[in-house]
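Note: the block below is upload-v4.cif and it holds mmCIF, C-alpha atoms.
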data_work
#
loop_
_atom_site.group_PDB
_atom_site.id
_atom_site.type_symbol
_atom_site.label_atom_id
_atom_site.label_comp_id
_atom_site.auth_asym_id
_atom_site.auth_seq_id
_atom_site.Cartn_x
_atom_site.Cartn_y
_atom_site.Cartn_z
ATOM 1 C CA MET U 564 -39.630 -15.191 1.252
ATOM 2 C CA LYS U 565 -39.494 -12.039 -0.884
ATOM 3 C CA LYS U 566 -37.653 -10.209 1.907
ATOM 4 C CA LEU U 567 -35.073 -12.993 2.139
ATOM 5 C CA ILE U 568 -34.458 -12.877 -1.614
ATOM 6 C CA LEU U 569 -34.101 -9.074 -1.518
ATOM 7 C CA ILE U 570 -31.618 -9.330 1.369
ATOM 8 C CA LEU U 571 -29.572 -11.934 -0.525
ATOM 9 C CA ILE U 572 -29.540 -9.769 -3.659
ATOM 10 C CA ALA U 573 -28.480 -6.715 -1.613
ATOM 11 C CA CYS U 574 -25.647 -8.722 -0.031
ATOM 12 C CA CYS U 575 -24.445 -9.927 -3.437
ATOM 13 C CA VAL U 576 -24.457 -6.377 -4.772
ATOM 14 C CA ALA U 577 -22.675 -4.929 -1.705
ATOM 15 C CA ALA U 578 -20.059 -7.693 -1.319
ATOM 16 C CA PRO U 579 -17.786 -6.614 -4.202
ATOM 17 C CA SER U 580 -17.540 -3.058 -2.860
ATOM 18 C CA LEU U 581 -16.658 -4.358 0.615
ATOM 19 C CA PHE U 582 -14.046 -6.685 -0.852
ATOM 20 C CA ALA U 583 -12.651 -3.907 -3.046
ATOM 21 C CA ASN U 584 -11.567 -1.917 0.000
ATOM 22 C CA ASP U 585 -9.750 -4.689 1.862
ATOM 23 C CA VAL U 586 -6.420 -2.937 1.190
ATOM 24 C CA ALA U 587 -7.699 0.465 2.327
ATOM 25 C CA GLY U 588 -6.503 1.772 5.658
ATOM 26 C CA THR U 589 -3.284 2.530 7.476
ATOM 27 C CA TRP U 590 -0.436 0.037 7.256
ATOM 28 C CA MET U 591 2.771 -0.179 9.271
ATOM 29 C CA THR U 592 5.917 -1.041 7.331
ATOM 30 C CA ILE U 593 8.740 -3.002 8.932
ATOM 31 C CA ASP U 594 12.430 -2.138 8.442
ATOM 32 C CA ASP U 595 14.209 -4.955 6.567
ATOM 33 C CA GLU U 596 17.410 -4.665 8.592
ATOM 34 C CA THR U 597 16.163 -4.116 12.149
ATOM 35 C CA GLY U 598 12.715 -5.729 12.033
ATOM 36 C CA LYS U 599 11.323 -2.634 13.785
ATOM 37 C CA PRO U 600 8.326 -0.571 12.648
ATOM 38 C CA ARG U 601 9.532 1.973 10.074
ATOM 39 C CA SER U 602 6.626 4.000 8.707
ATOM 40 C CA TYR U 603 2.876 4.289 8.221
ATOM 41 C CA ILE U 604 1.296 4.161 4.785
ATOM 42 C CA GLN U 605 -2.283 5.289 4.166
ATOM 43 C CA ILE U 606 -3.937 3.374 1.308
ATOM 44 C CA TRP U 607 -7.226 4.456 -0.222
ATOM 45 C CA VAL U 608 -9.370 3.204 -3.088
ATOM 46 C CA GLU U 609 -11.006 5.709 -5.401
ATOM 47 C CA ASN U 610 -12.909 4.768 -8.569
ATOM 48 C CA GLY U 611 -11.513 1.231 -8.345
ATOM 49 C CA VAL U 612 -7.873 2.385 -8.146
ATOM 50 C CA ALA U 613 -5.740 1.973 -5.011
ATOM 51 C CA SER U 614 -3.107 4.561 -4.082
ATOM 52 C CA GLY U 615 -0.989 5.060 -0.991
ATOM 53 C CA LYS U 616 1.103 7.723 0.682
ATOM 54 C CA ILE U 617 3.545 7.895 3.561
ATOM 55 C CA THR U 618 1.906 9.515 6.581
ATOM 56 C CA LYS U 619 4.626 9.046 9.197
ATOM 57 C CA ILE U 620 8.233 7.876 9.480
ATOM 58 C CA LEU U 621 9.358 6.330 12.747
ATOM 59 C CA ALA U 622 12.889 6.868 14.059
ATOM 60 C CA ILE U 623 14.906 3.691 14.385
ATOM 61 C CA LYS U 624 18.014 5.447 15.720
ATOM 62 C CA GLU U 625 18.002 8.282 18.233
ATOM 63 C CA GLY U 626 18.118 11.681 16.528
ATOM 64 C CA GLU U 627 17.143 10.292 13.115
ATOM 65 C CA ASN U 628 15.314 12.738 10.826
ATOM 66 C CA THR U 629 11.708 11.532 10.611
ATOM 67 C CA ASN U 630 10.786 13.805 7.715
ATOM 68 C CA PRO U 631 13.663 13.896 5.254
ATOM 69 C CA LEU U 632 13.436 15.354 1.768
ATOM 70 C CA CYS U 633 13.292 12.980 -1.170
ATOM 71 C CA THR U 634 16.597 14.003 -2.739
ATOM 72 C CA GLU U 635 16.708 10.860 -4.908
ATOM 73 C CA CYS U 636 13.184 11.288 -6.301
ATOM 74 C CA LYS U 637 12.620 12.273 -9.904
ATOM 75 C CA GLY U 638 10.303 14.864 -11.422
ATOM 76 C CA GLY U 639 7.750 16.632 -9.264
ATOM 77 C CA ASP U 640 8.648 14.623 -6.157
ATOM 78 C CA TYR U 641 12.264 15.828 -6.147
ATOM 79 C CA ASN U 642 13.200 17.476 -2.839
ATOM 80 C CA LYS U 643 9.683 17.136 -1.418
ATOM 81 C CA PRO U 644 9.218 15.886 2.145
ATOM 82 C CA VAL U 645 8.966 12.091 2.222
ATOM 83 C CA VAL U 646 6.008 12.314 4.615
ATOM 84 C CA GLY U 647 3.073 12.989 2.311
ATOM 85 C CA LEU U 648 4.611 11.406 -0.807
ATOM 86 C CA VAL U 649 2.328 9.159 -2.821
ATOM 87 C CA ILE U 650 4.377 5.985 -3.279
ATOM 88 C CA LEU U 651 1.682 3.538 -4.458
ATOM 89 C CA ARG U 652 -0.119 4.370 -7.692
ATOM 90 C CA ASN U 653 -2.655 2.906 -10.111
ATOM 91 C CA LEU U 654 -3.242 -0.485 -8.497
ATOM 92 C CA LYS U 655 -6.364 -2.173 -9.830
ATOM 93 C CA GLN U 656 -8.139 -5.140 -8.347
ATOM 94 C CA ASP U 657 -7.696 -8.481 -10.104
ATOM 95 C CA GLY U 658 -9.487 -11.132 -8.054
ATOM 96 C CA ASN U 659 -8.058 -11.049 -4.526
ATOM 97 C CA GLU U 660 -4.926 -9.162 -5.610
ATOM 98 C CA TRP U 661 -4.246 -5.589 -6.697
ATOM 99 C CA ASN U 662 -1.736 -5.131 -9.516
ATOM 100 C CA GLY U 663 -0.813 -3.141 -12.616
ATOM 101 C CA GLY U 664 0.476 -0.244 -10.552
ATOM 102 C CA THR U 665 3.776 1.015 -9.222
ATOM 103 C CA ILE U 666 5.593 1.577 -5.957
ATOM 104 C CA MET U 667 8.288 4.198 -5.466
ATOM 105 C CA ASP U 668 11.150 3.727 -3.008
ATOM 106 C CA PRO U 669 11.931 7.185 -1.569
ATOM 107 C CA ASN U 670 15.341 5.934 -0.381
ATOM 108 C CA ASN U 671 16.616 5.627 -3.946
ATOM 109 C CA GLY U 672 13.915 7.376 -6.001
ATOM 110 C CA LYS U 673 13.324 4.279 -8.132
ATOM 111 C CA THR U 674 9.882 3.157 -9.239
ATOM 112 C CA TYR U 675 8.988 -0.520 -9.543
ATOM 113 C CA LYS U 676 5.997 -2.474 -10.766
ATOM 114 C CA CYS U 677 3.885 -3.505 -7.823
ATOM 115 C CA LYS U 678 1.208 -5.881 -6.661
ATOM 116 C CA ILE U 679 -0.401 -6.122 -3.246
ATOM 117 C CA LYS U 680 -2.618 -8.619 -1.508
ATOM 118 C CA ALA U 681 -4.391 -8.482 1.855
ATOM 119 C CA GLU U 682 -4.117 -11.678 3.912
ATOM 120 C CA ASN U 683 -4.997 -12.972 7.394
ATOM 121 C CA ASN U 684 -8.453 -11.399 7.437
ATOM 122 C CA GLY U 685 -7.085 -8.069 6.224
ATOM 123 C CA GLN U 686 -4.465 -7.773 8.988
ATOM 124 C CA VAL U 687 -1.415 -8.325 6.744
ATOM 125 C CA LEU U 688 -0.584 -6.779 3.379
ATOM 126 C CA ARG U 689 1.866 -8.583 1.089
ATOM 127 C CA VAL U 690 3.573 -5.888 -1.025
ATOM 128 C CA ARG U 691 5.719 -7.039 -3.949
ATOM 129 C CA GLY U 692 7.858 -4.609 -5.924
ATOM 130 C CA TYR U 693 9.577 -5.921 -9.033
ATOM 131 C CA VAL U 694 11.318 -5.165 -12.314
ATOM 132 C CA GLY U 695 9.962 -6.818 -15.449
ATOM 133 C CA ILE U 696 8.367 -9.972 -14.059
ATOM 134 C CA SER U 697 7.209 -10.634 -10.520
ATOM 135 C CA MET U 698 9.941 -13.243 -9.952
ATOM 136 C CA LEU U 699 12.522 -10.429 -10.176
ATOM 137 C CA GLY U 700 11.616 -8.537 -7.047
ATOM 138 C CA ARG U 701 11.099 -8.636 -3.329
ATOM 139 C CA THR U 702 8.167 -8.807 -0.977
ATOM 140 C CA GLN U 703 7.542 -6.837 2.187
ATOM 141 C CA ILE U 704 4.917 -7.629 4.783
ATOM 142 C CA TRP U 705 3.008 -4.629 6.105
ATOM 143 C CA LYS U 706 0.769 -4.891 9.164
ATOM 144 C CA LYS U 707 -2.597 -3.224 9.604
ATOM 145 C CA PHE U 708 -2.339 -0.305 12.027
ATOM 146 C CA LYS U 709 -5.252 0.159 14.418
#
Any chance you could give the structure as structure tokens?
Amino acid sequence: MKKLILILIACCVAAPSLFANDVAGTWMTIDDETGKPRSYIQIWVENGVASGKITKILAIKEGENTNPLCTECKGGDYNKPVVGLVILRNLKQDGNEWNGGTIMDPNNGKTYKCKIKAENNGQVLRVRGYVGISMLGRTQIWKKFK
């Protein structure tokens, strides 16, 4: 009986850390216009904060540059290669959602408030970027890359 209680306590202690990383991993973004895979984003959780960077851009058109410079970015990201840019920052877990952070769009250099949520047993990531309140934004669906 003591062993069973210890196992239950260990599971209760470990469960939050397992749940905290449900957004961690590599995610495939989908192009809004073509519906084709567009890029891979690596998300990691460190000290309870989720961040993410672009690890690969996929060509949609033949001859397309798959590692352009971020000419629209501001500050230290200006003119850096898009591959390697940290675009998700400072997301903190709030229940089954991560929010309070930002997402940067390297196409226009703009930064938006952001919240993300893993769904479908961690196979889909709902990414919402917005200005002001969440209703003033748009949502993208990213798929877990294996």
To verify the selection step, state as a ChimeraX atom specification which residues the PyMOL selection byres ((chain U and resi 660) around 12) yields on this input.
/U:582-586,613,654-659,661-664,677-682,688-691
Selection to disk with C-alpha atoms, as a PDB file, in the frame of the given file:
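File selection35.pdb, as written:
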ATOM      1  CA  PHE U 582     -14.046  -6.685  -0.852  1.00  0.00           C
ATOM      2  CA  ALA U 583     -12.651  -3.907  -3.046  1.00  0.00           C
ATOM      3  CA  ASN U 584     -11.567  -1.917   0.000  1.00  0.00           C
ATOM      4  CA  ASP U 585      -9.750  -4.689   1.862  1.00  0.00           C
ATOM      5  CA  VAL U 586      -6.420  -2.937   1.190  1.00  0.00           C
ATOM      6  CA  ALA U 613      -5.740   1.973  -5.011  1.00  0.00           C
ATOM      7  CA  LEU U 654      -3.242  -0.485  -8.497  1.00  0.00           C
ATOM      8  CA  LYS U 655      -6.364  -2.173  -9.830  1.00  0.00           C
ATOM      9  CA  GLN U 656      -8.139  -5.140  -8.347  1.00  0.00           C
ATOM     10  CA  ASP U 657      -7.696  -8.481 -10.104  1.00  0.00           C
ATOM     11  CA  GLY U 658      -9.487 -11.132  -8.054  1.00  0.00           C
ATOM     12  CA  ASN U 659      -8.058 -11.049  -4.526  1.00  0.00           C
ATOM     13  CA  TRP U 661      -4.246  -5.589  -6.697  1.00  0.00           C
ATOM     14  CA  ASN U 662      -1.736  -5.131  -9.516  1.00  0.00           C
ATOM     15  CA  GLY U 663      -0.813  -3.141 -12.616  1.00  0.00           C
ATOM     16  CA  GLY U 664       0.476  -0.244 -10.552  1.00  0.00           C
ATOM     17  CA  CYS U 677       3.885  -3.505  -7.823  1.00  0.00           C
ATOM     18  CA  LYS U 678       1.208  -5.881  -6.661  1.00  0.00           C
ATOM     19  CA  ILE U 679      -0.401  -6.122  -3.246  1.00  0.00           C
ATOM     20  CA  LYS U 680      -2.618  -8.619  -1.508  1.00  0.00           C
ATOM     21  CA  ALA U 681      -4.391  -8.482   1.855  1.00  0.00           C
ATOM     22  CA  GLU U 682      -4.117 -11.678   3.912  1.00  0.00           C
ATOM     23  CA  LEU U 688      -0.584  -6.779   3.379  1.00  0.00           C
ATOM     24  CA  ARG U 689       1.866  -8.583   1.089  1.00  0.00           C
ATOM     25  CA  VAL U 690       3.573  -5.888  -1.025  1.00  0.00           C
ATOM     26  CA  ARG U 691       5.719  -7.039  -3.949  1.00  0.00           C
TER      27      ARG U 691
END
With the PyMOL selection byres ((chain U and resi 668) around 12) as the selection, what would be picked from this file? Answer as a PDB file with C-alpha atoms, keeping the file's coordinate frame, please.
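The resulting file, out_30.pdb, is reproduced below:
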ATOM      1  CA  LYS U 616       1.103   7.723   0.682  1.00  0.00           C
ATOM      2  CA  ILE U 617       3.545   7.895   3.561  1.00  0.00           C
ATOM      3  CA  CYS U 633      13.292  12.980  -1.170  1.00  0.00           C
ATOM      4  CA  THR U 634      16.597  14.003  -2.739  1.00  0.00           C
ATOM      5  CA  GLU U 635      16.708  10.860  -4.908  1.00  0.00           C
ATOM      6  CA  CYS U 636      13.184  11.288  -6.301  1.00  0.00           C
ATOM      7  CA  LYS U 637      12.620  12.273  -9.904  1.00  0.00           C
ATOM      8  CA  ASP U 640       8.648  14.623  -6.157  1.00  0.00           C
ATOM      9  CA  VAL U 645       8.966  12.091   2.222  1.00  0.00           C
ATOM     10  CA  LEU U 648       4.611  11.406  -0.807  1.00  0.00           C
ATOM     11  CA  VAL U 649       2.328   9.159  -2.821  1.00  0.00           C
ATOM     12  CA  ILE U 650       4.377   5.985  -3.279  1.00  0.00           C
ATOM     13  CA  LEU U 651       1.682   3.538  -4.458  1.00  0.00           C
ATOM     14  CA  THR U 665       3.776   1.015  -9.222  1.00  0.00           C
ATOM     15  CA  ILE U 666       5.593   1.577  -5.957  1.00  0.00           C
ATOM     16  CA  MET U 667       8.288   4.198  -5.466  1.00  0.00           C
ATOM     17  CA  PRO U 669      11.931   7.185  -1.569  1.00  0.00           C
ATOM     18  CA  ASN U 670      15.341   5.934  -0.381  1.00  0.00           C
ATOM     19  CA  ASN U 671      16.616   5.627  -3.946  1.00  0.00           C
ATOM     20  CA  GLY U 672      13.915   7.376  -6.001  1.00  0.00           C
ATOM     21  CA  LYS U 673      13.324   4.279  -8.132  1.00  0.00           C
ATOM     22  CA  THR U 674       9.882   3.157  -9.239  1.00  0.00           C
ATOM     23  CA  TYR U 675       8.988  -0.520  -9.543  1.00  0.00           C
ATOM     24  CA  LYS U 676       5.997  -2.474 -10.766  1.00  0.00           C
ATOM     25  CA  CYS U 677       3.885  -3.505  -7.823  1.00  0.00           C
ATOM     26  CA  GLY U 692       7.858  -4.609  -5.924  1.00  0.00           C
ATOM     27  CA  TYR U 693       9.577  -5.921  -9.033  1.00  0.00           C
TER      28      TYR U 693
END
Atom CA of U:Arg652 and atom CA of U:Gln703, how far apart in Å?
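Calculated distance between atom CA of U:Gln703 and atom CA of U:Arg652 is 16.8 Å.
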Quick one: apply the PyMOL selection byres ((chain U and resi 622) around 12) to the file and drop the selected residues here as a list in words.
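When the PyMOL selection byres ((chain U and resi 622) around 12) is applied, the selected residues are Ile593, Asp594, Thr597, Lys599, Pro600, Arg601, Ser602, Tyr603, Lys619, Ile620, Leu621, Ile623, Lys624, Glu625, Gly626, Glu627, Asn628, Thr629, Asn630 and Pro631 of chain U.
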Please work out which residues fall within 6 Å of (3.5, -0.3, 5.2), coordinates as given in the file, with all atoms listed in the file counting, and return them as number ranges by chain.
U: 590-592, 603-604, 705
Please save C-alpha atoms of the selected residues as a PDB file, in the coordinates of the input.
ATOM      1  CA  TRP U 590      -0.436   0.037   7.256  1.00  0.00           C
ATOM      2  CA  MET U 591       2.771  -0.179   9.271  1.00  0.00           C
ATOM      3  CA  THR U 592       5.917  -1.041   7.331  1.00  0.00           C
ATOM      4  CA  TYR U 603       2.876   4.289   8.221  1.00  0.00           C
ATOM      5  CA  ILE U 604       1.296   4.161   4.785  1.00  0.00           C
ATOM      6  CA  TRP U 705       3.008  -4.629   6.105  1.00  0.00           C
TER       7      TRP U 705
END
Between atom CA of U:Tyr641 and atom CA of U:Thr618, what is the distance in Å, rounded to a tenth?
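Pair atom CA of U:Tyr641 / atom CA of U:Thr618 returns 17.6 Å.
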Given the choices U:Gly685, U:Gly647, U:Gly695, U:Gly638, which gets closest to U:Gln605 if the distance is worked out from all atoms listed in the file?
U:Gly647
